[in-house]
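This is query.cif (mmCIF, C-alpha atoms).
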```cif
data_entry
loop_
_atom_site.label_atom_id
_atom_site.label_comp_id
_atom_site.auth_asym_id
_atom_site.auth_seq_id
_atom_site.Cartn_x
_atom_site.Cartn_y
_atom_site.Cartn_z
CA ASN A 1 -9.87 -13.97 41.93
CA GLY A 2 -9.96 -10.33 42.82
CA GLU A 3 -10.50 -7.83 45.55
CA ILE A 4 -11.76 -4.32 46.00
CA LYS A 5 -9.10 -1.76 46.87
CA GLY A 6 -11.02 1.41 47.67
CA THR A 7 -12.94 2.10 44.45
CA ARG A 8 -10.67 -0.02 42.24
CA LEU A 9 -11.12 -3.62 41.24
CA ILE A 10 -7.93 -5.64 41.08
CA ALA A 11 -8.52 -9.09 39.63
CA ASN A 12 -7.72 -11.61 36.92
CA GLY A 13 -10.72 -10.65 34.79
CA ALA A 14 -13.46 -13.00 33.68
CA GLY A 15 -12.48 -16.61 33.19
CA ALA A 16 -10.34 -16.58 36.32
CA ILE A 17 -7.14 -17.00 34.31
CA THR A 18 -4.36 -16.40 36.80
CA SER A 19 -1.91 -15.09 34.20
CA ASN A 20 -4.20 -12.10 33.48
CA VAL A 21 -4.24 -8.84 35.42
CA ALA A 22 -7.26 -6.54 35.30
CA VAL A 23 -7.35 -3.18 37.08
CA GLY A 24 -10.32 -0.88 36.55
CA GLY A 25 -14.05 -1.10 36.13
CA SER A 26 -15.19 -3.62 33.48
CA SER A 27 -11.64 -4.33 32.38
CA LEU A 28 -11.18 -7.76 30.77
CA ILE A 29 -14.77 -8.50 31.73
CA ALA A 30 -15.64 -10.83 28.82
CA ASN A 31 -12.58 -13.04 28.88
CA THR A 32 -13.09 -16.79 28.53
CA THR A 33 -9.77 -18.46 27.79
CA GLY A 34 -7.37 -15.63 26.92
CA THR A 35 -4.08 -15.63 28.82
CA ASN A 36 -1.17 -13.36 29.66
CA ASN A 37 -3.16 -10.15 29.30
CA THR A 38 -2.76 -6.92 31.28
CA ALA A 39 -5.67 -4.49 31.34
CA VAL A 40 -5.42 -1.26 33.31
CA GLY A 41 -8.17 1.33 33.00
CA PHE A 42 -11.93 1.56 32.64
CA GLN A 43 -13.14 -1.00 30.07
CA ALA A 44 -9.61 -1.85 28.99
CA LEU A 45 -9.75 -5.09 26.96
CA PHE A 46 -13.48 -4.94 27.61
CA GLY A 47 -14.58 -7.30 24.80
CA ALA A 48 -11.62 -9.67 24.82
CA THR A 49 -12.72 -13.28 24.93
CA THR A 50 -9.78 -15.39 23.77
CA ALA A 51 -7.21 -12.67 23.10
CA THR A 52 -3.77 -13.41 24.50
CA ASN A 53 -0.50 -11.63 25.25
CA SER A 54 -2.01 -8.15 25.07
CA VAL A 55 -1.40 -5.03 27.13
CA ALA A 56 -4.01 -2.28 27.42
CA ILE A 57 -3.28 0.72 29.63
CA GLY A 58 -5.76 3.58 29.64
CA GLY A 59 -9.50 4.03 29.56
CA ASN A 60 -11.21 2.17 26.70
CA THR A 61 -7.94 0.84 25.29
CA LEU A 62 -8.44 -2.25 23.14
CA GLN A 63 -12.06 -2.03 24.19
CA ALA A 64 -13.54 -3.94 21.23
CA ILE A 65 -10.86 -6.57 20.74
CA THR A 66 -12.20 -10.10 20.83
CA THR A 67 -9.67 -12.55 19.44
CA GLY A 68 -6.70 -10.43 18.34
CA ASN A 69 -3.40 -11.29 20.01
CA ASN A 70 -0.10 -9.63 20.89
CA ASN A 71 -1.41 -6.06 20.89
CA VAL A 72 -0.10 -3.18 23.00
CA ALA A 73 -2.26 -0.10 23.54
CA ILE A 74 -1.20 2.73 25.85
CA GLY A 75 -3.24 5.92 26.03
CA SER A 76 -6.91 6.73 26.26
CA GLN A 77 -8.89 4.89 23.55
CA ALA A 78 -5.81 3.60 21.76
CA LEU A 79 -6.81 0.69 19.50
CA ARG A 80 -10.32 1.12 20.87
CA THR A 81 -12.39 -0.34 18.00
CA ASN A 82 -10.00 -2.95 16.66
CA THR A 83 -11.68 -6.35 16.97
CA ILE A 84 -9.47 -9.04 15.45
CA GLY A 85 -6.18 -7.33 14.60
CA SER A 86 -2.94 -8.68 16.02
CA SER A 87 0.60 -7.49 16.70
CA ASN A 88 -0.28 -3.78 16.81
CA ILE A 89 1.44 -1.21 19.01
CA ALA A 90 -0.41 2.02 19.72
CA GLY A 91 1.03 4.63 22.04
CA GLY A 92 -0.94 7.83 22.51
CA GLY A 93 -4.53 8.88 22.89
CA PHE A 94 -6.69 7.68 19.97
CA ALA A 95 -3.71 6.09 18.23
CA LEU A 96 -4.96 3.40 15.83
CA VAL A 97 -8.40 3.96 17.31
CA THR A 98 -10.26 2.55 14.27
CA GLY A 99 -10.23 -0.71 12.36
CA THR A 100 -9.15 -4.33 12.25
CA GLY A 101 -5.63 -4.00 10.85
CA SER A 102 -2.58 -5.88 12.08
CA SER A 103 1.15 -5.33 12.50
CA ASN A 104 0.90 -1.53 12.75
CA ILE A 105 2.93 0.75 15.01
CA ALA A 106 1.47 4.16 15.81
CA ILE A 107 3.08 6.48 18.35
CA GLY A 108 1.53 9.87 19.07
CA HIS A 109 -1.89 11.36 19.73
CA ASN A 110 -4.23 10.58 16.81
CA SER A 111 -1.43 8.74 15.03
CA ALA A 112 -2.94 6.54 12.28
CA LEU A 113 -6.32 7.70 13.54
CA ALA A 114 -8.47 6.52 10.62
CA ALA A 115 -6.79 3.20 9.81
CA THR A 116 -9.54 0.64 9.21
CA SER A 117 -7.90 -2.36 7.58
CA ALA A 118 -4.43 -0.89 7.10
CA ILE A 119 -1.52 -3.20 7.83
CA GLN A 120 2.21 -2.97 8.45
CA ASN A 121 2.41 0.80 8.82
CA VAL A 122 4.77 2.68 11.11
CA THR A 123 3.68 6.18 12.13
CA ILE A 124 5.50 8.33 14.66
CA GLY A 125 4.13 11.76 15.54
CA GLY A 126 0.86 13.34 16.53
CA ASN A 127 -1.67 13.14 13.68
CA ALA A 128 0.82 11.24 11.53
CA LEU A 129 -0.93 9.52 8.61
CA ALA A 130 -4.22 10.41 10.23
CA ASN A 131 -6.31 10.08 7.04
CA ASN A 132 -5.07 6.67 5.93
CA THR A 133 -7.71 3.91 5.90
CA THR A 134 -6.34 0.96 3.94
CA GLY A 135 -2.81 1.87 2.82
CA ALA A 136 -0.08 -0.56 3.84
CA ASN A 137 3.66 -0.55 4.43
CA ASN A 138 3.99 3.18 5.00
CA THR A 139 6.69 4.64 7.24
CA ILE A 140 5.73 8.14 8.37
CA ILE A 141 7.79 10.16 10.85
CA GLY A 142 6.84 13.66 11.90
CA HIS A 143 4.05 15.63 13.51
CA ASN A 144 0.98 16.11 11.29
CA THR A 145 2.72 14.52 8.32
CA GLY A 146 1.40 12.26 5.58
CA ALA A 147 -1.93 14.10 5.54
CA GLY A 148 -4.01 13.37 2.46
CA ILE A 149 -2.94 9.77 1.96
CA VAL A 150 -6.01 7.53 2.25
CA THR A 151 -5.29 4.34 0.33
CA GLY A 152 -1.68 4.80 -0.76
CA GLY A 153 1.04 2.49 0.43
CA SER A 154 4.76 1.80 0.59
CA ASN A 155 5.69 5.44 1.19
CA THR A 156 8.49 6.74 3.39
CA ILE A 157 8.02 10.31 4.62
CA ILE A 158 10.33 12.02 7.09
CA GLY A 159 9.63 15.55 8.29
CA ALA A 160 6.79 17.36 10.00
CA ASN A 161 3.73 18.95 8.39
CA VAL A 162 3.89 17.30 4.97
CA THR A 163 0.27 17.71 3.91
CA GLY A 164 -1.89 17.96 0.80
CA LEU A 165 -0.70 14.63 -0.58
CA SER A 166 -2.80 12.66 -3.08
CA SER A 167 -5.01 9.98 -1.58
CA GLY A 168 -3.41 7.15 -3.50
CA LEU A 169 0.21 8.27 -3.28
CA SER A 170 2.41 5.15 -3.31
CA ASN A 171 6.05 4.10 -3.45
CA ASN A 172 7.37 7.60 -2.78
CA ILE A 173 10.20 8.80 -0.56
CA ILE A 174 9.87 12.34 0.79
CA LEU A 175 12.38 14.20 2.94
CA ALA A 176 11.02 17.46 4.29
CA ASP A 177 11.87 20.17 6.78
CA GLY A 178 9.77 20.87 9.85
CA ALA A 179 7.65 23.40 7.99
CA GLY A 180 6.43 20.83 5.49
CA ASN A 181 8.64 21.95 2.61
CA GLN A 182 9.49 18.87 0.57
CA ARG A 183 13.22 19.14 -0.08
CA ILE A 184 13.88 15.77 -1.74
CA ASN A 185 11.34 13.58 -3.50
CA VAL A 186 11.82 10.16 -5.02
CA ASP A 187 8.74 9.09 -6.97
CA GLY A 188 7.42 5.64 -7.70
CA THR A 189 9.54 5.31 -10.85
CA GLY A 190 12.78 6.21 -9.09
CA ASN A 191 13.04 9.77 -10.36
CA VAL A 192 14.74 12.04 -7.83
CA GLY A 193 13.55 15.60 -7.39
CA ILE A 194 15.33 18.33 -5.47
CA SER A 195 13.00 21.23 -4.67
CA THR A 196 10.34 19.73 -6.92
CA THR A 197 7.56 17.31 -6.03
CA THR A 198 7.20 16.08 -9.63
CA PRO A 199 10.62 14.98 -10.90
CA ALA A 200 10.50 14.34 -14.65
CA THR A 201 13.93 12.70 -15.00
CA LYS A 202 16.27 10.54 -12.96
CA LEU A 203 17.64 13.75 -11.40
CA HIS A 204 15.50 16.86 -11.60
CA ILE A 205 16.69 20.01 -9.84
CA VAL A 206 14.67 23.20 -9.57
CA SER A 207 16.45 26.34 -8.38
CA THR A 208 16.74 30.05 -9.07
CA ALA A 209 20.44 29.99 -8.15
CA THR A 210 23.09 30.65 -10.82
CA SER A 211 24.94 27.44 -9.97
CA LEU A 212 22.89 24.27 -9.75
CA ILE A 213 25.60 21.72 -9.01
CA THR A 214 28.99 22.15 -7.37
CA ALA A 215 31.49 19.29 -7.35
CA GLU A 216 34.73 19.63 -5.41
CA GLY A 217 37.71 17.29 -5.42
CA SER A 218 41.26 17.57 -4.06
CA ASN A 219 42.81 15.40 -6.78
CA THR A 220 44.24 17.43 -9.70
CA ASN A 221 43.00 14.73 -12.06
CA ALA A 222 39.47 14.71 -10.71
CA ILE A 223 36.81 14.27 -13.36
CA ILE A 224 33.07 13.99 -13.68
CA GLU A 225 32.27 10.88 -15.67
CA ILE A 226 29.01 10.18 -17.45
CA ASN A 227 28.70 6.65 -18.80
CA ASN A 228 26.33 5.64 -21.56
CA THR A 229 25.89 1.87 -21.63
CA ASN A 230 25.48 2.05 -25.43
CA ALA A 231 28.52 4.23 -26.13
CA SER A 232 31.98 5.13 -24.87
CA ALA A 233 32.31 7.05 -21.66
CA THR A 234 32.46 10.82 -21.91
CA ASN A 235 34.69 12.60 -19.43
CA TYR A 236 34.38 16.21 -18.37
CA THR A 237 37.26 17.90 -16.56
#
```

Written as C-alpha cells, that's how I'd like the structure from this file.
Amino acid sequence: NGEIKGTRLIANGAGAITSNVAVGGSSLIANTTGTNNTAVGFQALFGATTATNSVAIGGNTLQAITTGNNNVAIGSQALRTNTIGSSNIAGGGFALVTGTGSSNIAIGHNSALAATSAIQNVTIGGNALANNTTGANNTIIGHNTGAGIVTGGSNTIIGANVTGLSSGLSNNIILADGAGNQRINVDGTGNVGISTTTPATKLHIVSTATSLITAEGSNTNAIIEINNTNASATNYT
C-alpha cells in the first residue's frame, strides 16, 4: 500500500484504506478506519484513527486529531493539538494550533493561536484573535487585531492592530484603520460611537471640530426630521 520514493514514503497510511493519501514520515500512521484523508508532511494526521475527509499539509498539521472530521490544515503545525474538533479550516503556521474547538476558520500565521474550545470563529490575519480561548462567533479581520479578547464572543472587528480590548468583550462591532484607531464602535446595547470606544447614547460623537454633523440635500424643501413615538414629529429646516 505504499512505496519508498527516495527518502519519502508515499502510501495510504495505516489501515490500508485506498481513499487515503499519506506522504511523509509517520503521516496518517495510526489510522484504522478513517477514509478520504490527505496527509502531506512529517507526522501530518499522525494520531488520526477514524477521522475522515480531512486534509493536512505541512509538518505536524492535525498531528493530534483522533476522531475529528472534515478539517483542513495547511501550514506547519496548523491545528496541531486539536483532537476531536470537526469542520475547522486553518491556513498558516500555528493557526488554530491549540484546542478541541469546531467550525472555526483561521487564516494567517498564529491566527486564533490560543483557541482551546472556541467554536464558530472566523479570523483572517496574522495574530488575529490570538489570545482567545473559549469565545465563540467572533469575526475578526486584520493583522494583529482582536488582541485582549479571551472569552468574549459575537464580536465583529475589521481593521488591523486593534489591541488592548477587554477579555470578555462581547457583541461589539468595531471598524478601525490600519493603525488600530477605532473609528466606529457599536457596543452590545446598540449604542453607536464615532471616535469614542464608550458610546453613552444611541449616537455619540466625539470631536474637536466646530461642526459635528453636516447634512446636504439638493431639494429646497429638505428637512431633518426627528420623530418621538410619544409625541408629534418635530421638523428642523

### Message
Show me the residues around (-13.8, -5.0, 30.8) - criterion: an atom at most 7 Å away, all atoms listed in the file counted - as a ChimeraX atom specification.
### Response
/A:25-30,43-47

### Query
Using all atoms listed in the file, which of the listed residues (A:Thr214, A:Thr100, A:Asn127, A:Thr116) sits closest to Asn71 of chain A?
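That would be A:Thr100, the residue with the smallest distance to Asn71 of chain A.
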
### Message
Quick check on the file I pasted: which residues fall under the PyMOL selection byres ((chain A and resi 78-83) around 9)? Write them as a PyMOL selection string.
### Response
chain A and resi 44-45+47-48+56-68+71-77+84-85+88-101+109-110+116

### Query
Can you tell me how far atom CA of Ile141 of chain A sits from atom CA of Ala160 of chain A, in Å to one decimal?
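Those two atoms sit 7.3 Å apart.
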
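Between atom CA of Ile173 of chain A and atom CA of Thr196 of chain A the interatomic distance comes to 12.6 Å.
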
### Residues matched by the PyMOL selection byres ((chain A and resi 137) around 9) as a VMD selection string
chain A and resid 104 118 to 122 135 to 136 138 to 139 153 to 156

Write to file, as a PDB file, keeping the file's coordinate frame, the residues of the selection just made, with C-alpha atoms.
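New file again20.pdb:
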```pdb
ATOM      1  CA  ASN A 104       0.900  -1.530  12.750  1.00  0.00           C
ATOM      2  CA  ALA A 118      -4.430  -0.890   7.100  1.00  0.00           C
ATOM      3  CA  ILE A 119      -1.520  -3.200   7.830  1.00  0.00           C
ATOM      4  CA  GLN A 120       2.210  -2.970   8.450  1.00  0.00           C
ATOM      5  CA  ASN A 121       2.410   0.800   8.820  1.00  0.00           C
ATOM      6  CA  VAL A 122       4.770   2.680  11.110  1.00  0.00           C
ATOM      7  CA  GLY A 135      -2.810   1.870   2.820  1.00  0.00           C
ATOM      8  CA  ALA A 136      -0.080  -0.560   3.840  1.00  0.00           C
ATOM      9  CA  ASN A 138       3.990   3.180   5.000  1.00  0.00           C
ATOM     10  CA  THR A 139       6.690   4.640   7.240  1.00  0.00           C
ATOM     11  CA  GLY A 153       1.040   2.490   0.430  1.00  0.00           C
ATOM     12  CA  SER A 154       4.760   1.800   0.590  1.00  0.00           C
ATOM     13  CA  ASN A 155       5.690   5.440   1.190  1.00  0.00           C
ATOM     14  CA  THR A 156       8.490   6.740   3.390  1.00  0.00           C
TER      15      THR A 156
END
```

### Query
Once the PyMOL selection byres ((chain A and resi 166) around 10) has been applied to the shown file, what residues remain in the selection, as a count of residues only?
14

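Interatomic distance, atom CA of Glu225 of chain A to atom CA of Ser195 of chain A: 24.5 Å.
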
Can you tell me which residues surround Arg183 of chain A at a distance of at most 6 Å, considering only C-alpha atoms, apart from same-chain residues fewer than 3 positions away, and format the answer as a short mmCIF file (atom, residue, chain, number, x, y, z; two decimals) with C-alpha atoms, in the frame of the given file?
```cif
data_model
loop_
_atom_site.label_atom_id
_atom_site.label_comp_id
_atom_site.auth_asym_id
_atom_site.auth_seq_id
_atom_site.Cartn_x
_atom_site.Cartn_y
_atom_site.Cartn_z
CA LEU A 175 12.38 14.20 2.94
CA ALA A 176 11.02 17.46 4.29
CA ILE A 194 15.33 18.33 -5.47
CA SER A 195 13.00 21.23 -4.67
#
```

### Task
List every protein, DNA or RNA residue that has at least one atom no more than 6 Å from (-8.4, 1.0, 35.5) in the file's coordinates, counting all atoms listed in the file, and write the result as a PyMOL selection string.
chain A and resi 23-24+40-42

## Note on the structure
In terms of all atoms listed in the file, the residue from A:Leu203, A:Ala106, A:Ala209, A:Ala130 at minimal distance from Asn144 of chain A is A:Ala130

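Each of A:Ala128, A:Gly193, A:Gly13, A:Ala51 was checked against Ala39 of chain A using only C-alpha atoms; the smallest atom-to-atom distance is that of A:Gly13.
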
### Task
Name all residues at most 8 Å from Gly159 of chain A (count only C-alpha atoms; drop same-chain ones fewer than 2 positions away) and give them as number ranges by chain.
A: 141-143, 145, 157, 161-162, 175-178, 180

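Shell of Thr32 of chain A at 8 Å, with all atoms listed in the file counted and residues fewer than 4 places along the chain excluded, is Ala14, Gly15, Thr49 and Thr50 of chain A.
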